[in-house]
Amino acid sequence: MEYNIRLAQPTDSQHIMRMIRELAEYEKITHFIKLTEEELHRDGFGDVPWFRCLVAELPENERSETGVPFAGYTLFANSYSSWTGRTLHLEDLYVSPQFRGRGLGRRLMRRVAQEGLRSGCSQIHLTVLKWNLPAINLYRSLGAENLTEDPGYQVMSFNGEALRSMGLEEEPQESVTGEDPDL
């Protein structure tokens, strides 16, 4: 069966949001979802998009059977490496369970790589849950390196209150020497 992989359009927002929820259920982290469909739409299809998204469209006969237009999606954004320059950050790669095993994850990744190359990117970064062996195996089969193992990077995040607290914190007074006491 042939699935058309294309850049998402503004009218796809509700279906992308549905798949984001499916992904969160699969990863058992639905409590992390704070994003609304309206925010997703604004951030992906506004004047200055914060992300790009590819969708794997179902053929017409499968749409009528399933009631959904897409088998999967991938969501990614521009990032920058101080060592190698332009980078893509892959946030999500998801294929609905009933469509797995058809090569869609590999095809979506290939299209993300093509988008990155077209944009002059030198690499794609992503995170994957350590228990998600199917995804890890897919990424490794495509040539991904595990940066947690070598060279030992740890992924860190400032969320919610930590971000607000840090962002609203008063700037410390400069020391007499002008050096930052935290460094």
# chains A, B, ... in the order shown; residues from 1 in each chain; ligands from 1
>>> residues_around(residues="A:Thr84", least_positions_apart="5", cutoff="9 Å", atoms="only C-alpha atoms", output="list in words")
Cys121, Ser122 and Gln123 of chain A
>>> write_last_selection(atoms="N, CA and C atoms", output="tab-separated table (two decimals), in the first residue's frame")
chain	number	residue	atom	x	y	z
A	121	CYS	N	21.43	21.34	6.96
A	121	CYS	CA	21.72	20.80	8.29
A	121	CYS	C	22.84	19.77	8.23
A	122	SER	N	23.57	19.69	9.34
A	122	SER	CA	24.66	18.72	9.45
A	122	SER	C	24.28	17.51	10.27
A	123	GLN	N	23.15	17.59	10.99
A	123	GLN	CA	22.78	16.48	11.86
A	123	GLN	C	21.32	16.60	12.30
>>> residues_around(residues="A:Arg111", least_positions_apart="3", cutoff="9 Å", atoms="only C-alpha atoms", output="list in words")
Ile5, Arg6, Leu54, Arg106, Arg107, Leu108, Gln114, Glu115 and Gly116 of chain A
>>> residues_around(residues="stretch 33-46 of chain A", least_positions_apart="2", cutoff="8 Å", atoms="only C-alpha atoms", output="ChimeraX atom specification")
/A:9-10,13-14,17,21,24,29-31,48-53
>>> write_last_selection(atoms="N, CA and C atoms", output="PDB file, in the first residue's frame")
ATOM      1  N   GLN A   9      -0.469  20.542   6.599  1.00  0.00           N
ATOM      2  CA  GLN A   9      -1.180  21.771   6.262  1.00  0.00           C
ATOM      3  C   GLN A   9      -1.953  22.245   7.494  1.00  0.00           C
ATOM      4  N   PRO A  10      -2.345  23.524   7.533  1.00  0.00           N
ATOM      5  CA  PRO A  10      -3.102  24.022   8.685  1.00  0.00           C
ATOM      6  C   PRO A  10      -4.348  23.199   9.012  1.00  0.00           C
ATOM      7  N   SER A  13      -4.240  20.118  11.709  1.00  0.00           N
ATOM      8  CA  SER A  13      -3.923  20.306  13.127  1.00  0.00           C
ATOM      9  C   SER A  13      -4.669  19.350  14.057  1.00  0.00           C
ATOM     10  N   GLN A  14      -5.966  19.182  13.872  1.00  0.00           N
ATOM     11  CA  GLN A  14      -6.723  18.329  14.790  1.00  0.00           C
ATOM     12  C   GLN A  14      -6.257  16.885  14.702  1.00  0.00           C
ATOM     13  N   MET A  17      -2.851  16.587  16.436  1.00  0.00           N
ATOM     14  CA  MET A  17      -3.045  16.606  17.886  1.00  0.00           C
ATOM     15  C   MET A  17      -3.549  15.254  18.375  1.00  0.00           C
ATOM     16  N   ARG A  21      -1.572  12.775  21.091  1.00  0.00           N
ATOM     17  CA  ARG A  21      -2.180  12.121  22.264  1.00  0.00           C
ATOM     18  C   ARG A  21      -1.962  10.606  22.224  1.00  0.00           C
ATOM     19  N   ALA A  24       1.559   9.919  23.306  1.00  0.00           N
ATOM     20  CA  ALA A  24       1.689  10.067  24.756  1.00  0.00           C
ATOM     21  C   ALA A  24       1.093   8.856  25.481  1.00  0.00           C
ATOM     22  N   ILE A  29       2.768   8.685  29.108  1.00  0.00           N
ATOM     23  CA  ILE A  29       3.099   9.998  29.673  1.00  0.00           C
ATOM     24  C   ILE A  29       2.049  11.048  29.288  1.00  0.00           C
ATOM     25  N   THR A  30       0.787  10.662  29.271  1.00  0.00           N
ATOM     26  CA  THR A  30      -0.267  11.609  28.885  1.00  0.00           C
ATOM     27  C   THR A  30      -0.317  12.809  29.829  1.00  0.00           C
ATOM     28  N   HIS A  31       0.133  12.634  31.057  1.00  0.00           N
ATOM     29  CA  HIS A  31       0.107  13.741  32.023  1.00  0.00           C
ATOM     30  C   HIS A  31       1.049  14.882  31.617  1.00  0.00           C
ATOM     31  N   VAL A  48       5.360  32.864  11.833  1.00  0.00           N
ATOM     32  CA  VAL A  48       6.713  32.350  12.042  1.00  0.00           C
ATOM     33  C   VAL A  48       6.580  30.969  12.685  1.00  0.00           C
ATOM     34  N   PRO A  49       6.507  29.923  11.868  1.00  0.00           N
ATOM     35  CA  PRO A  49       6.306  28.574  12.418  1.00  0.00           C
ATOM     36  C   PRO A  49       7.465  28.151  13.326  1.00  0.00           C
ATOM     37  N   TRP A  50       7.118  27.502  14.436  1.00  0.00           N
ATOM     38  CA  TRP A  50       8.111  27.005  15.392  1.00  0.00           C
ATOM     39  C   TRP A  50       8.510  25.580  15.080  1.00  0.00           C
ATOM     40  N   PHE A  51       7.751  24.904  14.244  1.00  0.00           N
ATOM     41  CA  PHE A  51       8.078  23.529  13.886  1.00  0.00           C
ATOM     42  C   PHE A  51       7.568  23.236  12.482  1.00  0.00           C
ATOM     43  N   ARG A  52       8.050  22.120  11.955  1.00  0.00           N
ATOM     44  CA  ARG A  52       7.535  21.566  10.705  1.00  0.00           C
ATOM     45  C   ARG A  52       7.026  20.169  11.018  1.00  0.00           C
ATOM     46  N   CYS A  53       6.128  19.713  10.212  1.00  0.00           N
ATOM     47  CA  CYS A  53       5.512  18.416  10.451  1.00  0.00           C
ATOM     48  C   CYS A  53       5.277  17.729   9.115  1.00  0.00           C
TER      49      CYS A  53
END
>>> atom_distance(atom1="atom CA of A:Thr87", atom2="atom CA of A:Arg164")
26.7 Å
>>> residues_around(residues="stretch 127-136 of chain A", least_positions_apart="2", cutoff="12 Å", atoms="only C-alpha atoms", output="JSON, numbers by chain")
{"A": [23, 24, 26, 27, 28, 29, 76, 89, 90, 91, 92, 93, 94, 95, 100, 101, 105, 106, 109, 124, 125, 138, 139, 140, 141, 142, 143, 144, 145, 146, 147, 148, 149, 153, 154, 155, 156, 157]}
>>> write_last_selection(atoms="N, CA, C and O atoms", output="short mmCIF file (atom, residue, chain, number, x, y, z; two decimals), in the first residue's frame")
data_model
loop_
_atom_site.label_atom_id
_atom_site.label_comp_id
_atom_site.auth_asym_id
_atom_site.auth_seq_id
_atom_site.Cartn_x
_atom_site.Cartn_y
_atom_site.Cartn_z
N LEU A 23 0.54 9.07 20.82
CA LEU A 23 1.95 8.85 21.15
C LEU A 23 2.15 8.93 22.67
O LEU A 23 2.83 8.08 23.26
N ALA A 24 1.56 9.92 23.31
CA ALA A 24 1.69 10.07 24.76
C ALA A 24 1.09 8.86 25.48
O ALA A 24 1.64 8.41 26.49
N TYR A 26 0.94 5.78 24.23
CA TYR A 26 1.88 4.70 23.97
C TYR A 26 3.08 4.80 24.92
O TYR A 26 3.55 3.80 25.46
N GLU A 27 3.56 6.01 25.14
CA GLU A 27 4.72 6.22 26.01
C GLU A 27 4.34 6.31 27.48
O GLU A 27 5.21 6.50 28.33
N LYS A 28 3.05 6.22 27.78
CA LYS A 28 2.52 6.27 29.16
C LYS A 28 2.88 7.58 29.86
O LYS A 28 3.23 7.60 31.03
N ILE A 29 2.77 8.68 29.11
CA ILE A 29 3.10 10.00 29.67
C ILE A 29 2.05 11.05 29.29
O ILE A 29 2.38 12.20 29.05
N PHE A 76 9.34 18.21 13.78
CA PHE A 76 10.74 18.59 13.97
C PHE A 76 10.90 20.09 13.84
O PHE A 76 10.03 20.78 13.32
N HIS A 89 16.05 19.21 15.18
CA HIS A 89 15.66 18.51 16.39
C HIS A 89 14.38 17.76 16.08
O HIS A 89 13.35 18.38 15.77
N LEU A 90 14.45 16.44 16.12
CA LEU A 90 13.27 15.61 15.90
C LEU A 90 12.56 15.45 17.23
O LEU A 90 13.09 14.87 18.17
N GLU A 91 11.37 15.99 17.33
CA GLU A 91 10.60 15.91 18.56
C GLU A 91 9.78 14.63 18.60
O GLU A 91 9.76 13.93 19.61
N ASP A 92 9.07 14.32 17.52
CA ASP A 92 8.22 13.14 17.49
C ASP A 92 8.36 12.40 16.17
O ASP A 92 8.46 13.03 15.10
N LEU A 93 8.33 11.09 16.25
CA LEU A 93 8.12 10.21 15.11
C LEU A 93 7.11 9.19 15.61
O LEU A 93 7.38 8.48 16.59
N TYR A 94 5.96 9.13 14.96
CA TYR A 94 4.90 8.24 15.44
C TYR A 94 4.17 7.62 14.26
O TYR A 94 3.79 8.31 13.31
N VAL A 95 3.96 6.31 14.37
CA VAL A 95 3.11 5.58 13.44
C VAL A 95 2.08 4.85 14.29
O VAL A 95 2.43 4.16 15.26
N ARG A 100 1.96 -0.06 11.78
CA ARG A 100 3.37 -0.38 11.99
C ARG A 100 3.77 -1.61 11.19
O ARG A 100 2.93 -2.42 10.82
N GLY A 101 5.05 -1.72 10.93
CA GLY A 101 5.56 -2.87 10.18
C GLY A 101 5.45 -2.70 8.68
O GLY A 101 5.70 -3.64 7.93
N GLY A 105 7.84 4.37 9.45
CA GLY A 105 8.78 5.08 10.31
C GLY A 105 10.07 5.39 9.56
O GLY A 105 10.59 6.50 9.61
N ARG A 106 10.56 4.41 8.84
CA ARG A 106 11.78 4.59 8.03
C ARG A 106 11.56 5.65 6.94
O ARG A 106 12.40 6.51 6.72
N MET A 109 11.44 9.10 8.54
CA MET A 109 12.80 9.53 8.89
C MET A 109 13.58 9.96 7.65
O MET A 109 14.31 10.95 7.68
N ILE A 124 20.81 15.48 12.81
CA ILE A 124 19.48 15.43 13.42
C ILE A 124 19.69 14.94 14.84
O ILE A 124 20.36 13.93 15.06
N HIS A 125 19.13 15.64 15.80
CA HIS A 125 19.16 15.22 17.20
C HIS A 125 17.77 14.79 17.62
O HIS A 125 16.78 15.36 17.15
N LEU A 138 15.19 1.12 15.17
CA LEU A 138 15.00 1.84 13.90
C LEU A 138 16.08 2.89 13.73
O LEU A 138 16.75 2.95 12.69
N TYR A 139 16.28 3.73 14.75
CA TYR A 139 17.26 4.81 14.64
C TYR A 139 18.67 4.26 14.43
O TYR A 139 19.43 4.76 13.60
N ARG A 140 19.02 3.21 15.16
CA ARG A 140 20.35 2.60 15.00
C ARG A 140 20.51 2.01 13.59
O ARG A 140 21.56 2.12 12.99
N SER A 141 19.45 1.38 13.07
CA SER A 141 19.53 0.79 11.73
C SER A 141 19.73 1.85 10.66
O SER A 141 20.26 1.57 9.58
N LEU A 142 19.32 3.08 10.98
CA LEU A 142 19.50 4.19 10.05
C LEU A 142 20.82 4.93 10.28
O LEU A 142 21.11 5.91 9.59
N GLY A 143 21.60 4.49 11.27
CA GLY A 143 22.92 5.07 11.50
C GLY A 143 23.04 6.02 12.68
O GLY A 143 24.08 6.66 12.86
N ALA A 144 22.01 6.13 13.52
CA ALA A 144 22.07 7.04 14.67
C ALA A 144 23.07 6.53 15.70
O ALA A 144 23.23 5.33 15.89
N GLU A 145 23.71 7.48 16.39
CA GLU A 145 24.61 7.18 17.50
C GLU A 145 23.88 7.46 18.80
O GLU A 145 23.11 8.41 18.88
N ASN A 146 24.18 6.69 19.83
CA ASN A 146 23.61 6.92 21.14
C ASN A 146 24.56 7.82 21.92
O ASN A 146 25.59 7.37 22.41
N LEU A 147 24.23 9.10 22.03
CA LEU A 147 25.10 10.07 22.69
C LEU A 147 25.08 9.95 24.21
O LEU A 147 25.89 10.57 24.89
N THR A 148 24.16 9.16 24.76
CA THR A 148 24.17 8.90 26.19
C THR A 148 25.31 7.93 26.51
O THR A 148 25.98 8.05 27.52
N GLU A 149 25.53 6.98 25.61
CA GLU A 149 26.60 6.00 25.80
C GLU A 149 27.96 6.58 25.41
O GLU A 149 28.93 6.40 26.11
N TYR A 153 26.59 12.16 26.98
CA TYR A 153 25.71 13.29 27.23
C TYR A 153 24.49 12.86 28.04
O TYR A 153 24.03 11.73 27.92
N GLN A 154 23.97 13.77 28.81
CA GLN A 154 22.72 13.58 29.53
C GLN A 154 21.75 14.65 29.04
O GLN A 154 22.11 15.82 28.96
N VAL A 155 20.53 14.26 28.71
CA VAL A 155 19.52 15.21 28.27
C VAL A 155 18.92 15.85 29.51
O VAL A 155 18.54 15.16 30.44
N MET A 156 18.84 17.17 29.50
CA MET A 156 18.30 17.90 30.65
C MET A 156 17.23 18.86 30.14
O MET A 156 17.24 19.25 28.99
N SER A 157 16.33 19.24 31.04
CA SER A 157 15.24 20.12 30.64
C SER A 157 14.84 21.01 31.82
O SER A 157 14.82 20.56 32.96
#
>>> closest_residue(among="A:Glu161, A:Pro69, A:Ser119, A:Ala56", to="A:Arg102", atoms="only C-alpha atoms")
A:Ala56
>>> closest_residue(among="A:Phe32, A:Tyr3, A:Tyr80, A:Tyr73", to="A:Gly120", atoms="only C-alpha atoms")
A:Tyr80
>>> atom_distance(atom1="atom CA of A:Thr66", atom2="atom CA of A:Ala113")
29.1 Å
>>> residues_around(residues="A:Glu60", least_positions_apart="3", cutoff="12 Å", atoms="only C-alpha atoms", output="number ranges by chain")
A: 1-4, 57, 63-71
>>> select_by_dssp(residues="stretch 5-171 of chain A", states="helix (DSSP H, G or I)", output="PyMOL selection string")
chain A and resi 10-26+30-32+37-45+60-66+97-99+104-118+133-141+160-168
>>> select_by_dssp(residues="chain A", states="strand (DSSP E or B)", output="PyMOL selection string")
chain A and resi 4-7+52-57+70-81+85-95+123-126
